[in-house]
>>> print(open('upload_10.csv').read())   # CSV, C-alpha atoms
chain,number,residue,atom,x,y,z
A,276,MET,CA,-13.6,-3.6,-13.4
A,277,GLN,CA,-11.2,-6.4,-13.8
A,278,GLY,CA,-10.8,-9.1,-11.2
A,279,LYS,CA,-7.2,-9.9,-11.9
A,280,SER,CA,-4.4,-8.4,-13.9
A,281,ASN,CA,-0.9,-9.7,-14.6
A,282,ALA,CA,2.5,-8.0,-15.1
A,283,THR,CA,5.7,-9.7,-16.0
A,284,LEU,CA,8.3,-8.2,-13.8
A,285,GLY,CA,11.8,-9.6,-14.0
A,286,GLU,CA,11.7,-13.3,-14.5
A,287,SER,CA,8.3,-14.1,-13.0
A,288,THR,CA,4.7,-12.9,-13.4
A,289,VAL,CA,3.0,-10.8,-10.7
A,290,HIS,CA,-0.7,-11.2,-10.4
A,291,ILE,CA,-2.7,-8.2,-9.1
A,292,ARG,CA,-6.1,-9.1,-7.8
A,293,HIS,CA,-8.7,-7.9,-5.3
A,294,TYR,CA,-8.1,-8.8,-1.7
A,295,ARG,CA,-10.1,-11.7,-0.2
A,296,ASP,CA,-10.9,-12.1,3.5
A,297,SER,CA,-8.8,-15.3,3.5
A,298,ASP,CA,-5.7,-13.1,2.7
A,299,ALA,CA,-5.9,-11.3,6.1
A,300,GLY,CA,-3.2,-13.3,7.9
A,301,HIS,CA,-0.7,-13.0,5.1
A,302,VAL,CA,-1.4,-9.3,4.5
A,303,GLY,CA,-1.3,-8.6,8.2
A,304,ARG,CA,2.2,-10.1,8.5
A,305,LEU,CA,3.3,-8.3,5.4
A,306,ILE,CA,2.1,-4.9,6.7
A,307,ALA,CA,3.6,-5.5,10.2
A,308,ASP,CA,7.0,-6.5,8.8
A,309,THR,CA,7.3,-3.9,6.1
A,310,PHE,CA,6.0,-1.0,8.2
A,311,ALA,CA,8.3,-1.9,11.1
A,312,GLU,CA,11.4,-2.3,9.0
A,313,TYR,CA,11.1,0.6,6.6
A,314,ASN,CA,9.1,3.2,8.6
A,315,LEU,CA,9.3,2.6,12.3
A,316,SER,CA,12.9,1.3,12.8
A,317,SER,CA,14.1,4.6,14.2
A,318,LEU,CA,11.4,4.7,16.9
A,319,ALA,CA,11.7,3.5,20.5
A,320,ALA,CA,10.1,0.0,20.9
A,321,ALA,CA,7.1,1.3,22.9
A,322,GLU,CA,6.3,3.9,20.3
A,323,ARG,CA,6.8,1.4,17.4
A,324,ASP,CA,4.4,-1.0,19.1
A,325,LEU,CA,1.8,1.8,19.4
A,326,MET,CA,2.1,2.7,15.7
A,327,LEU,CA,1.8,-0.9,14.7
A,328,GLY,CA,-1.6,-1.1,16.4
A,329,PRO,CA,-3.3,-4.4,15.7
A,330,PHE,CA,-0.5,-5.4,13.3
A,331,LEU,CA,1.8,-5.8,16.4
A,332,HIS,CA,-0.1,-9.1,16.8
A,333,ALA,CA,0.1,-10.2,13.2
A,334,ARG,CA,1.6,-13.6,14.1
A,335,SER,CA,-0.8,-14.3,17.0
A,336,PRO,CA,-3.3,-17.2,16.5
A,337,ASP,CA,-5.7,-15.4,18.8
A,338,ALA,CA,-9.1,-14.9,17.0
A,339,GLY,CA,-9.5,-11.4,18.5
A,340,HIS,CA,-6.2,-10.3,17.2
A,341,GLN,CA,-6.9,-11.7,13.7
A,342,ALA,CA,-10.3,-10.0,13.7
A,343,ALA,CA,-8.7,-6.6,14.6
A,344,ILE,CA,-6.2,-7.0,11.8
A,345,ALA,CA,-8.9,-7.9,9.3
A,346,ARG,CA,-10.8,-4.7,10.4
A,347,ALA,CA,-7.7,-2.6,10.0
A,348,ILE,CA,-7.1,-3.9,6.5
A,349,HIS,CA,-10.7,-3.3,5.3
A,350,SER,CA,-11.1,-0.4,2.9
A,351,GLU,CA,-13.2,0.5,-0.1
A,352,MET,CA,-10.5,-0.9,-2.5
A,353,VAL,CA,-7.8,-3.4,-1.5
A,354,TYR,CA,-5.5,-5.2,-3.9
A,355,VAL,CA,-2.8,-7.7,-3.4
A,356,ALA,CA,0.2,-8.6,-5.6
A,357,GLU,CA,1.0,-12.3,-5.8
A,358,ARG,CA,4.2,-13.8,-7.1
A,359,GLU,CA,4.4,-17.6,-7.4
A,360,GLY,CA,1.3,-17.9,-5.2
A,361,GLU,CA,2.7,-15.8,-2.4
A,362,ILE,CA,1.4,-12.3,-1.4
A,363,VAL,CA,4.3,-9.8,-1.8
A,364,GLY,CA,2.4,-6.5,-1.9
A,365,VAL,CA,-0.8,-4.8,-0.8
A,366,LEU,CA,-2.5,-1.5,-1.6
A,367,ARG,CA,-5.5,-0.1,0.3
A,368,GLY,CA,-7.5,2.9,-0.8
A,369,ARG,CA,-10.7,4.6,-1.9
A,370,THR,CA,-11.7,6.7,-4.9
A,371,THR,CA,-10.1,9.8,-3.3
A,372,ARG,CA,-7.2,8.5,-1.4
A,373,LEU,CA,-4.4,5.9,-1.6
A,374,GLY,CA,-4.5,4.7,2.0
A,375,SER,CA,-1.4,2.5,2.1
A,376,LEU,CA,1.0,0.6,0.0
A,377,PHE,CA,3.3,-2.1,1.3
A,378,VAL,CA,5.7,-4.3,-0.7
A,379,ARG,CA,7.7,-7.0,0.9
A,380,GLY,CA,11.3,-5.8,1.3
A,381,ASP,CA,13.0,-8.5,-0.8
A,382,HIS,CA,10.6,-7.5,-3.6
A,383,HIS,CA,11.3,-3.8,-3.6
A,384,ARG,CA,12.4,-2.1,-6.8
A,385,GLN,CA,10.9,-4.9,-9.0
A,386,GLY,CA,7.8,-3.0,-10.2
A,387,ILE,CA,5.3,-4.5,-7.8
A,388,GLY,CA,4.4,-1.2,-6.1
A,389,ARG,CA,4.2,0.5,-9.5
A,390,ALA,CA,1.8,-2.3,-10.8
A,391,LEU,CA,-0.4,-2.0,-7.7
A,392,VAL,CA,-0.7,1.8,-8.0
A,393,ALA,CA,-1.3,1.6,-11.8
A,394,ARG,CA,-4.1,-0.9,-11.2
A,395,PHE,CA,-5.6,1.2,-8.4
A,396,GLU,CA,-5.5,4.4,-10.5
A,397,ARG,CA,-7.2,2.7,-13.5
A,398,GLU,CA,-10.1,1.5,-11.3
A,399,VAL,CA,-10.4,4.9,-9.6
A,400,LEU,CA,-10.7,6.4,-13.0
A,401,GLU,CA,-13.4,3.8,-14.0
A,402,LEU,CA,-15.3,4.8,-10.8
A,403,GLY,CA,-15.2,8.5,-11.8
A,404,GLY,CA,-12.3,9.6,-9.5
A,405,THR,CA,-10.0,12.3,-10.8
A,406,VAL,CA,-7.7,13.3,-7.9
A,407,LEU,CA,-5.9,11.0,-5.5
A,408,LYS,CA,-4.2,12.0,-2.3
A,409,VAL,CA,-1.7,10.1,-0.3
A,410,ALA,CA,0.0,10.7,3.1
A,411,ALA,CA,3.5,9.4,2.0
A,412,THR,CA,6.1,8.3,4.5
A,413,LEU,CA,9.4,9.9,3.9
A,414,TYR,CA,10.8,6.6,2.7
A,415,ALA,CA,8.1,6.5,0.0
A,416,VAL,CA,8.2,10.1,-1.3
A,417,PRO,CA,10.7,9.3,-4.1
A,418,PHE,CA,8.5,6.4,-5.3
A,419,TYR,CA,5.4,8.6,-5.4
A,420,LEU,CA,7.2,11.4,-7.2
A,421,GLU,CA,8.2,8.9,-9.9
A,422,MET,CA,4.5,7.9,-10.1
A,423,GLY,CA,3.5,11.4,-10.9
A,424,TYR,CA,2.4,12.5,-7.4
A,425,ARG,CA,3.3,16.0,-6.2
A,426,ARG,CA,3.9,17.4,-2.8
A,427,THR,CA,1.0,19.6,-1.6
A,428,THR,CA,2.5,21.1,1.6
A,429,GLY,CA,5.4,20.6,4.0
A,430,VAL,CA,5.7,17.5,6.1
A,431,ARG,CA,3.3,16.9,9.0
A,432,PRO,CA,3.2,14.9,12.2
A,433,TYR,CA,1.9,11.4,11.6
A,434,ARG,CA,-0.3,9.6,14.1
A,435,VAL,CA,-1.7,6.1,13.7
A,436,PHE,CA,-3.3,3.7,16.2
A,437,GLY,CA,-2.4,6.1,19.0
A,438,GLY,CA,1.3,6.3,18.2
A,439,SER,CA,3.3,9.2,17.0
A,440,GLY,CA,6.9,10.1,16.3
A,441,MET,CA,6.8,10.0,12.5
A,442,VAL,CA,6.1,12.6,9.8
A,443,TYR,CA,4.4,12.2,6.5
A,444,GLN,CA,4.4,14.2,3.2
A,445,PRO,CA,1.0,15.1,1.8
A,446,MET,CA,0.9,14.4,-1.9
A,447,LYS,CA,-1.7,14.3,-4.7
A,448,LYS,CA,-2.0,13.3,-8.3
A,449,VAL,CA,-4.5,14.5,-10.9
A,450,LEU,CA,-5.5,11.4,-12.9
A,451,ASN,CA,-6.3,11.4,-16.6
A,452,SER,CA,-7.2,8.4,-18.7
A,453,ARG,CA,-4.3,8.7,-21.1
A,454,GLN,CA,-1.6,8.7,-18.4
A,455,SER,CA,-3.2,5.8,-16.5
A,456,SER,CA,-3.4,3.6,-19.6
A,457,GLU,CA,0.3,4.4,-20.4
A,458,GLU,CA,1.4,3.4,-16.9
A,459,GLY,CA,-0.9,0.4,-16.9
A,460,GLY,CA,-0.7,-2.5,-19.2
A,461,THR,CA,-0.8,-4.9,-16.3
>>> encode(input="upload_10.csv", output="structure tokens")
Amino acid sequence: MQGKSNATLGESTVHIRHYRDSDAGHVGRLIADTFAEYNLSSLAAAERDLMLGPFLHARSPDAGHQAAIARAIHSEMVYVAEREGEIVGVLRGRTTRLGSLFVRGDHHRQGIGRALVARFEREVLELGGTVLKVAATLYAVPFYLEMGYRRTTGVRPYRVFGGSGMVYQPMKKVLNSRQSSEEGGT
């Protein structure tokens, strides 16, 4: 498995690399901001706060808050996308499931999410994985369809960190080495 890969997107290079523990603060704020703006904005404040879970305190200097955020980020596979030294995207998953993908709003539609997913899929294939599932938010469904994922059932209620009020679309993709190498190149 590679440690780092690069993709030239637009005018600057994006570096995709494995997450490091020292990234927790930046990644926590990225997840909090992106999840709240693109997925939780229609919810009442109390429900939004529940769904953010530990990420509600992403800007808190409290060591307990930061430790809870680091635990929430932890997964079998975590990648970050950096542009000009700044983390602008994160993907969490394991060999059977893409857990979450967040790209900073001002970097949407620049290929960063696509580069993160392509890198993740390549490494899943290297580890012997063949099928990936994702619980896509409705905002993200068009993106995943473009990436070759397919709906598996109708939408379902989404609960996270004790909050509710959203729905998700179950999706999956059967991976093959030819398709992943064509999408990759990063």
>>> closest_residue(input="upload_10.csv", among="A:Pro417, A:Gly339, A:Gly303, A:Gly328", to="Gly364 (chain A)", atoms="only C-alpha atoms")
A:Gly303
>>> atom_distance(input="upload_10.csv", atom1="CA of Asp298 (chain A)", atom2="CA of Val378 (chain A)")
14.8 Å
>>> closest_residue(input="upload_10.csv", among="A:Leu450, A:Ala356, A:Val363, A:Ala410", to="Ala390 (chain A)", atoms="only C-alpha atoms")
A:Ala356
>>> atom_distance(input="upload_10.csv", atom1="CA of Lys408 (chain A)", atom2="CA of Leu373 (chain A)")
6.1 Å
>>> residues_near_point(input="upload_10.csv", point="(5.1, 12.0, 0.1)", cutoff="9 Å", atoms="all atoms listed in the file", output="ChimeraX atom specification")
/A:409-420,424-427,430,443-447
>>> atom_distance(input="upload_10.csv", atom1="CA of Arg434 (chain A)", atom2="CA of Gly300 (chain A)")
23.9 Å
>>> closest_residue(input="upload_10.csv", among="A:Phe377, A:Met441, A:Gly388, A:Thr370", to="Met352 (chain A)", atoms="only C-alpha atoms")
A:Thr370
>>> closest_residue(input="upload_10.csv", among="A:Asp308, A:Glu421, A:Glu398, A:Asp296", to="Ala347 (chain A)", atoms="all atoms listed in the file")
A:Asp296
